[in-house]
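With CSV, C-alpha atoms inside, this is final_0.csv:
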chain,number,residue,atom,x,y,z
A,12,MET,CA,28.0,27.7,-45.5
A,13,SER,CA,30.8,27.4,-43.1
A,14,LEU,CA,29.1,25.5,-40.2
A,15,PRO,CA,29.1,22.2,-42.0
A,16,HIS,CA,32.8,22.7,-42.8
A,17,ALA,CA,33.5,23.5,-39.2
A,18,ILE,CA,31.8,20.3,-38.2
A,19,LEU,CA,33.6,18.2,-40.8
A,20,THR,CA,36.9,19.7,-39.6
A,21,ALA,CA,36.1,18.9,-36.0
A,22,LEU,CA,35.1,15.3,-36.9
A,23,LEU,CA,38.2,14.7,-38.9
A,24,GLU,CA,40.3,15.8,-35.9
A,25,LYS,CA,38.3,13.4,-33.7
A,26,PRO,CA,35.1,11.4,-34.3
A,27,SER,CA,32.6,12.8,-31.8
A,28,SER,CA,29.0,12.8,-30.7
A,29,GLY,CA,26.8,15.9,-31.1
A,30,LEU,CA,27.3,16.7,-27.4
A,31,ASP,CA,31.1,16.3,-27.7
A,32,LEU,CA,31.0,18.7,-30.7
A,33,THR,CA,29.0,21.2,-28.8
A,34,ARG,CA,31.6,21.1,-26.0
A,35,ARG,CA,34.4,21.6,-28.5
A,36,PHE,CA,32.5,24.5,-30.1
A,37,ASP,CA,32.3,26.0,-26.7
A,38,LYS,CA,36.0,25.8,-26.4
A,39,SER,CA,38.6,26.0,-29.2
A,40,ILE,CA,36.4,26.2,-32.4
A,41,GLY,CA,34.0,28.6,-30.7
A,42,TYR,CA,36.7,31.2,-30.4
A,43,PHE,CA,36.3,31.9,-34.1
A,44,TRP,CA,33.2,30.0,-35.2
A,45,SER,CA,30.3,29.7,-32.8
A,46,ALA,CA,27.3,27.4,-33.1
A,47,THR,CA,24.5,26.4,-30.8
A,48,HIS,CA,23.7,22.8,-29.7
A,49,GLN,CA,20.6,22.9,-32.0
A,50,GLN,CA,22.5,24.1,-35.0
A,51,ILE,CA,25.1,21.4,-34.6
A,52,TYR,CA,22.5,18.6,-34.3
A,53,ARG,CA,20.6,20.0,-37.3
A,54,GLU,CA,23.8,20.1,-39.4
A,55,LEU,CA,24.8,16.6,-38.3
A,56,GLY,CA,21.5,15.3,-39.7
A,57,LYS,CA,22.1,17.2,-43.0
A,58,LEU,CA,25.7,16.0,-43.3
A,59,GLU,CA,24.6,12.4,-42.6
A,60,ALA,CA,21.8,12.6,-45.2
A,61,GLU,CA,24.3,14.0,-47.8
A,62,GLY,CA,26.6,11.1,-47.2
A,63,HIS,CA,29.4,13.2,-45.8
A,64,ILE,CA,29.4,11.6,-42.3
A,65,ARG,CA,28.0,8.4,-40.7
A,66,ALA,CA,27.2,7.4,-37.2
A,67,LEU,CA,29.7,4.9,-35.8
A,68,PRO,CA,28.4,1.5,-34.9
A,69,SER,CA,27.5,1.4,-31.2
A,70,GLN,CA,29.4,-1.0,-28.9
A,71,GLN,CA,26.2,-2.0,-27.2
A,72,PRO,CA,22.7,-1.5,-28.4
A,73,ALA,CA,21.1,1.0,-26.0
A,74,ARG,CA,18.2,3.2,-26.5
A,75,GLY,CA,19.0,6.9,-26.2
A,76,GLN,CA,22.8,6.3,-26.3
A,77,LYS,CA,24.7,9.2,-27.9
A,78,LYS,CA,25.8,8.6,-31.5
A,79,SER,CA,29.4,9.4,-32.5
A,80,TYR,CA,30.1,10.4,-36.1
A,81,GLU,CA,33.0,10.1,-38.4
A,82,VAL,CA,33.7,11.7,-41.8
A,83,LEU,CA,33.2,9.6,-44.9
A,84,PRO,CA,35.3,10.0,-48.1
A,85,ALA,CA,32.6,12.3,-49.6
A,86,GLY,CA,32.9,14.6,-46.6
A,87,ARG,CA,36.6,14.7,-46.8
A,88,ALA,CA,36.4,15.6,-50.5
A,89,GLU,CA,33.8,18.3,-49.8
A,90,LEU,CA,36.1,19.8,-47.1
A,91,ALA,CA,39.1,19.6,-49.4
A,92,ARG,CA,37.1,21.4,-52.2
A,93,TRP,CA,35.9,24.1,-49.8
A,94,THR,CA,39.4,24.6,-48.3
A,95,ALA,CA,40.9,25.1,-51.7
A,96,ALA,CA,38.2,27.5,-52.9
A,97,SER,CA,38.8,31.2,-53.0
A,98,GLN,CA,36.7,33.4,-50.8
A,99,ASP,CA,36.6,37.2,-50.5
A,100,PRO,CA,36.8,38.8,-47.0
A,101,LYS,CA,33.4,39.4,-45.5
A,102,PRO,CA,32.3,43.0,-44.8
A,103,TYR,CA,33.0,43.9,-41.2
A,104,ARG,CA,30.2,44.9,-39.0
A,105,GLU,CA,30.7,46.4,-35.6
A,106,THR,CA,27.9,47.9,-33.6
A,107,LEU,CA,30.2,49.9,-31.4
A,108,PHE,CA,31.6,51.7,-34.4
A,109,LEU,CA,28.1,52.5,-35.6
A,110,ARG,CA,27.2,53.8,-32.1
A,111,LEU,CA,30.3,56.1,-32.1
A,112,ARG,CA,29.3,57.4,-35.6
A,113,ALA,CA,25.8,58.0,-34.4
A,114,ALA,CA,27.1,59.9,-31.3
A,115,ALA,CA,29.2,62.0,-33.7
A,116,ALA,CA,26.0,62.7,-35.7
A,117,ILE,CA,23.6,63.5,-32.9
A,118,GLY,CA,26.0,65.3,-30.6
A,119,THR,CA,26.8,64.5,-27.0
A,120,GLU,CA,23.6,62.6,-26.1
A,121,GLY,CA,24.5,59.1,-25.0
A,122,VAL,CA,28.2,59.5,-25.0
A,123,ALA,CA,28.5,58.6,-21.3
A,124,GLY,CA,26.8,55.3,-22.0
A,125,ILE,CA,29.3,54.6,-24.8
A,126,GLU,CA,32.2,55.5,-22.6
A,127,ALA,CA,31.1,53.0,-20.0
A,128,ASP,CA,30.6,50.4,-22.7
A,129,LEU,CA,34.2,51.1,-24.0
A,130,ARG,CA,35.5,50.3,-20.5
A,131,ARG,CA,33.4,47.1,-20.3
A,132,HIS,CA,34.6,46.0,-23.8
A,133,LEU,CA,38.2,46.8,-22.8
A,134,GLU,CA,37.9,44.5,-19.8
A,135,LEU,CA,36.4,41.7,-21.9
A,136,HIS,CA,39.1,41.9,-24.5
A,137,ARG,CA,41.8,42.0,-21.9
A,138,ARG,CA,40.4,38.8,-20.4
A,139,GLN,CA,40.2,37.1,-23.8
A,140,LEU,CA,43.7,38.1,-24.6
A,141,SER,CA,44.9,36.7,-21.3
A,142,GLU,CA,43.1,33.5,-22.0
A,143,TYR,CA,44.7,33.2,-25.5
A,144,GLU,CA,48.1,33.8,-24.1
A,145,VAL,CA,47.7,31.1,-21.5
A,146,ILE,CA,46.6,28.7,-24.3
A,147,GLU,CA,49.7,29.7,-26.3
A,148,GLN,CA,52.0,29.0,-23.4
A,149,ARG,CA,50.3,25.7,-22.6
A,150,ASP,CA,49.8,24.3,-26.1
A,151,PHE,CA,52.6,25.8,-28.2
A,152,PRO,CA,55.9,25.5,-26.4
A,153,PRO,CA,59.1,26.1,-28.4
A,154,GLY,CA,59.9,23.2,-30.7
A,155,LYS,CA,56.2,22.2,-31.3
A,156,ASP,CA,56.3,22.8,-35.0
A,157,SER,CA,54.6,20.0,-36.9
A,158,PRO,CA,52.5,21.4,-39.9
A,159,GLN,CA,49.3,20.8,-37.9
A,160,ASP,CA,50.7,22.6,-34.8
A,161,ARG,CA,51.9,25.5,-36.9
A,162,LEU,CA,48.6,26.0,-38.6
A,163,GLN,CA,46.7,25.8,-35.3
A,164,HIS,CA,49.2,28.2,-33.7
A,165,LEU,CA,48.6,30.6,-36.6
A,166,ILE,CA,44.9,30.6,-35.8
A,167,LEU,CA,45.6,31.3,-32.2
A,168,ARG,CA,48.0,34.1,-33.2
A,169,ALA,CA,45.2,35.7,-35.2
A,170,GLY,CA,43.1,35.7,-32.0
A,171,ILE,CA,46.0,37.2,-30.0
A,172,ASP,CA,46.6,39.8,-32.6
A,173,LEU,CA,42.9,40.8,-32.8
A,174,GLU,CA,42.6,41.0,-29.0
A,175,THR,CA,45.8,43.1,-28.9
A,176,PHE,CA,44.3,45.4,-31.5
A,177,TRP,CA,41.1,45.8,-29.5
A,178,THR,CA,42.8,46.5,-26.2
A,179,ARG,CA,45.0,49.1,-27.9
A,180,TRP,CA,42.2,50.7,-29.8
A,181,LEU,CA,39.8,50.8,-26.8
A,182,THR,CA,42.6,52.3,-24.6
A,183,HIS,CA,43.1,55.0,-27.2
A,184,ALA,CA,39.3,55.5,-27.6
A,185,LEU,CA,39.0,56.0,-23.8
A,186,GLU,CA,41.9,58.5,-23.9
A,187,GLU,CA,40.0,60.4,-26.6
A,188,PHE,CA,36.9,60.4,-24.5
A,189,ALA,CA,38.8,61.8,-21.5
A,190,GLU,CA,39.7,64.8,-23.8
A,191,LEU,CA,36.1,65.6,-24.7
A,192,PRO,CA,34.6,68.6,-23.0
A,193,ASP,CA,32.9,67.7,-19.7
A,194,GLN,CA,29.4,68.6,-21.0
A,195,SER,CA,29.7,65.8,-23.6
A,196,ARG,CA,30.1,63.1,-20.9

The structure in this file should be written as structure tokens.
Amino acid sequence: MSLPHAILTALLEKPSSGLDLTRRFDKSIGYFWSATHQQIYRELGKLEAEGHIRALPSQQPARGQKKSYEVLPAGRAELARWTAASQDPKPYRETLFLRLRAAAAIGTEGVAGIEADLRRHLELHRRQLSEYEVIEQRDFPPGKDSPQDRLQHLILRAGIDLETFWTRWLTHALEEFAELPDQSR
């Protein structure tokens, strides 16, 4: 249910074409809500059919020209309704945790593969953390504290905190693996 709301949010921030939305999803929005090009275009069609968005009039009639969309009052009202609604946290699913649990259940088989994956995950999370910290330095200097800036910074801080958790946990997990008897690795 959240993809249409992610699109409405992005369009309220800046009227955009489907291609522009895809690029934005590949960047900022995609850090916490991903969508494919096809999903975005499919959802744009639904939102337009529901009267939540409309294609902006084109400057020049041209066949195949990309359409830009804007949010209509009904779309803004839907986004306000959804934003105000209460939602429970979603159950967390992590394949790596399940693999560790399976390794504990079956014994030492496959533990070396998990250890290598822990190292790979650690590197990926370190890179993501570094990228978030660069964004924070660039986009949120001291004194940039409008309500919009503060809310966007809060989202970024969540990403930084999650990546910090993962880098610490993975480092700890690798320390635990180093303590396992050699025959288990």

I need the residue nearest Ile171 (chain A) from this list: A:Phe43, A:Ile125, A:Asp156, A:Arg112. Use all atoms listed in the file for the distance. A:Phe43

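Distances here use only C-alpha atoms; by that measure, the residue among A:Ile18, A:Leu173, A:Ala123, A:Ala85 closest to His136 (chain A) is A:Leu173.
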
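In this model, the gap between CA of Phe36 (chain A) and CA of Thr94 (chain A) comes to 19.5 Å.
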
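Atom pair CA of Gly124 (chain A) / CA of Phe188 (chain A) has a distance of 11.6 Å (rounded to one decimal).
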
Taking into account all atoms listed in the file, which residue in the set A:Glu105, A:Ser141, A:Glu81, A:Ala46 is nearest to Glu59 (chain A)? A:Glu81

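Reported to one decimal place, the separation of CA of Tyr143 (chain A) from CA of Leu129 (chain A) is 20.8 Å.
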
Show me the residues close to (27.8, 12.6, -45.5) - anything with an atom within 10 Å, counting all atoms listed in the file - and format the list as a ChimeraX atom specification. /A:19,55-66,80-87,89

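Distances from A:Leu133, A:Ala169, A:Ala115, A:Leu22 to Leu67 (chain A) were compared using all atoms listed in the file, and the smallest one belongs to A:Leu22.
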
Given all atoms listed in the file as the counted atoms, nearest of A:Gln98, A:Ser39, A:Ser28, A:Thr20 to Ser69 (chain A): A:Ser28

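Residues with any atom within 10 Å of region 30-34 of chain A, counting all atoms listed in the file and excluding same-chain neighbours fewer than 2 positions away, are Ile18, Ala21, Leu22, Lys25, Pro26, Ser27, Ser28, Phe36, Asp37, Lys38, Ser39, Ile40, Gly41, Ser45, Ala46, Thr47, His48, Gln49, Gln50, Ile51, Tyr52, Lys77, Lys78, Ser79 and Tyr80 of chain A.
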
Using the file's own x, y and z axes, so that the box edges lie along x, y and z, what centre and edge lengths in Å (one decimal) does a box around every listed atom of region 86-92 of chain A get when 4 Å is added on each side? Give it as JSON.
{"center_x": 36.0, "center_y": 18.0, "center_z": -49.4, "size_x": 14.2, "size_y": 14.8, "size_z": 13.6}

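Distances here use all atoms listed in the file; by that measure, the residue among A:Ala127, A:Leu135, A:Ile146, A:Leu23 closest to Ala91 (chain A) is A:Leu23.
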
Please write a file for region 86-97 of chain A, taken from the block I just shared, that holds all heavy atoms and is laid out as an mmCIF file, in the first residue's frame.
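Ended up saving to selection.cif:
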data_model
loop_
_atom_site.group_PDB
_atom_site.id
_atom_site.type_symbol
_atom_site.label_atom_id
_atom_site.label_comp_id
_atom_site.auth_asym_id
_atom_site.auth_seq_id
_atom_site.Cartn_x
_atom_site.Cartn_y
_atom_site.Cartn_z
ATOM 1 N N GLY A 86 -5.294 13.609 -4.266
ATOM 2 C CA GLY A 86 -4.052 12.913 -3.931
ATOM 3 C C GLY A 86 -3.436 13.443 -2.658
ATOM 4 O O GLY A 86 -2.946 12.685 -1.815
ATOM 5 N N ARG A 87 -3.463 14.755 -2.497
ATOM 6 C CA ARG A 87 -2.959 15.378 -1.266
ATOM 7 C C ARG A 87 -3.791 14.910 -0.066
ATOM 8 O O ARG A 87 -3.250 14.571 0.981
ATOM 9 C CB ARG A 87 -2.980 16.896 -1.379
ATOM 10 C CG ARG A 87 -2.453 17.612 -0.147
ATOM 11 C CD ARG A 87 -2.507 19.123 -0.327
ATOM 12 N NE ARG A 87 -1.411 19.622 -1.133
ATOM 13 C CZ ARG A 87 -0.201 19.894 -0.659
ATOM 14 N NH1 ARG A 87 0.069 19.726 0.608
ATOM 15 N NH2 ARG A 87 0.738 20.361 -1.451
ATOM 16 N N ALA A 88 -5.116 14.844 -0.243
ATOM 17 C CA ALA A 88 -5.992 14.394 0.840
ATOM 18 C C ALA A 88 -5.713 12.932 1.193
ATOM 19 O O ALA A 88 -5.685 12.566 2.372
ATOM 20 C CB ALA A 88 -7.456 14.574 0.442
ATOM 21 N N GLU A 89 -5.490 12.098 0.185
ATOM 22 C CA GLU A 89 -5.167 10.685 0.436
ATOM 23 C C GLU A 89 -3.845 10.572 1.184
ATOM 24 O O GLU A 89 -3.704 9.790 2.118
ATOM 25 C CB GLU A 89 -5.119 9.894 -0.871
ATOM 26 C CG GLU A 89 -4.524 8.508 -0.756
ATOM 27 C CD GLU A 89 -5.171 7.605 0.295
ATOM 28 O OE1 GLU A 89 -6.335 7.827 0.692
ATOM 29 O OE2 GLU A 89 -4.482 6.669 0.759
ATOM 30 N N LEU A 90 -2.866 11.351 0.778
ATOM 31 C CA LEU A 90 -1.565 11.300 1.450
ATOM 32 C C LEU A 90 -1.683 11.787 2.894
ATOM 33 O O LEU A 90 -1.095 11.199 3.808
ATOM 34 C CB LEU A 90 -0.532 12.125 0.677
ATOM 35 C CG LEU A 90 0.918 11.956 1.095
ATOM 36 C CD1 LEU A 90 1.360 10.503 1.016
ATOM 37 C CD2 LEU A 90 1.813 12.818 0.223
ATOM 38 N N ALA A 91 -2.478 12.830 3.118
ATOM 39 C CA ALA A 91 -2.694 13.328 4.488
ATOM 40 C C ALA A 91 -3.404 12.275 5.332
ATOM 41 O O ALA A 91 -3.051 12.046 6.497
ATOM 42 C CB ALA A 91 -3.503 14.624 4.452
ATOM 43 N N ARG A 92 -4.403 11.605 4.748
ATOM 44 C CA ARG A 92 -5.123 10.554 5.475
ATOM 45 C C ARG A 92 -4.165 9.430 5.855
ATOM 46 O O ARG A 92 -4.120 8.974 6.982
ATOM 47 C CB ARG A 92 -6.261 9.995 4.605
ATOM 48 C CG ARG A 92 -7.089 8.915 5.318
ATOM 49 C CD ARG A 92 -7.702 7.909 4.371
ATOM 50 N NE ARG A 92 -6.769 7.176 3.525
ATOM 51 C CZ ARG A 92 -6.010 6.145 3.935
ATOM 52 N NH1 ARG A 92 -6.044 5.733 5.188
ATOM 53 N NH2 ARG A 92 -5.198 5.536 3.084
ATOM 54 N N TRP A 93 -3.363 8.983 4.898
ATOM 55 C CA TRP A 93 -2.420 7.879 5.132
ATOM 56 C C TRP A 93 -1.353 8.268 6.150
ATOM 57 O O TRP A 93 -1.000 7.476 7.015
ATOM 58 C CB TRP A 93 -1.790 7.483 3.794
ATOM 59 C CG TRP A 93 -0.794 6.381 3.911
ATOM 60 C CD1 TRP A 93 -1.045 5.043 4.046
ATOM 61 C CD2 TRP A 93 0.630 6.520 3.895
ATOM 62 N NE1 TRP A 93 0.131 4.351 4.123
ATOM 63 C CE2 TRP A 93 1.173 5.231 4.023
ATOM 64 C CE3 TRP A 93 1.490 7.614 3.767
ATOM 65 C CZ2 TRP A 93 2.538 5.004 4.040
ATOM 66 C CZ3 TRP A 93 2.849 7.375 3.787
ATOM 67 C CH2 TRP A 93 3.369 6.088 3.919
ATOM 68 N N THR A 94 -0.856 9.490 6.056
ATOM 69 C CA THR A 94 0.180 9.957 6.982
ATOM 70 C C THR A 94 -0.340 9.971 8.415
ATOM 71 O O THR A 94 0.378 9.601 9.347
ATOM 72 C CB THR A 94 0.667 11.367 6.575
ATOM 73 O OG1 THR A 94 1.170 11.308 5.247
ATOM 74 C CG2 THR A 94 1.750 11.882 7.491
ATOM 75 N N ALA A 95 -1.601 10.364 8.597
ATOM 76 C CA ALA A 95 -2.179 10.474 9.937
ATOM 77 C C ALA A 95 -2.617 9.127 10.510
ATOM 78 O O ALA A 95 -2.802 8.998 11.729
ATOM 79 C CB ALA A 95 -3.378 11.423 9.905
ATOM 80 N N ALA A 96 -2.765 8.109 9.667
ATOM 81 C CA ALA A 96 -3.256 6.807 10.121
ATOM 82 C C ALA A 96 -2.195 6.080 10.951
ATOM 83 O O ALA A 96 -1.000 6.196 10.688
ATOM 84 C CB ALA A 96 -3.658 5.956 8.919
ATOM 85 N N SER A 97 -2.649 5.345 11.923
ATOM 86 C CA SER A 97 -1.763 4.543 12.762
ATOM 87 C C SER A 97 -1.387 3.254 12.033
ATOM 88 O O SER A 97 -2.222 2.658 11.346
ATOM 89 C CB SER A 97 -2.483 4.216 14.074
ATOM 90 O OG SER A 97 -1.691 3.366 14.854
#
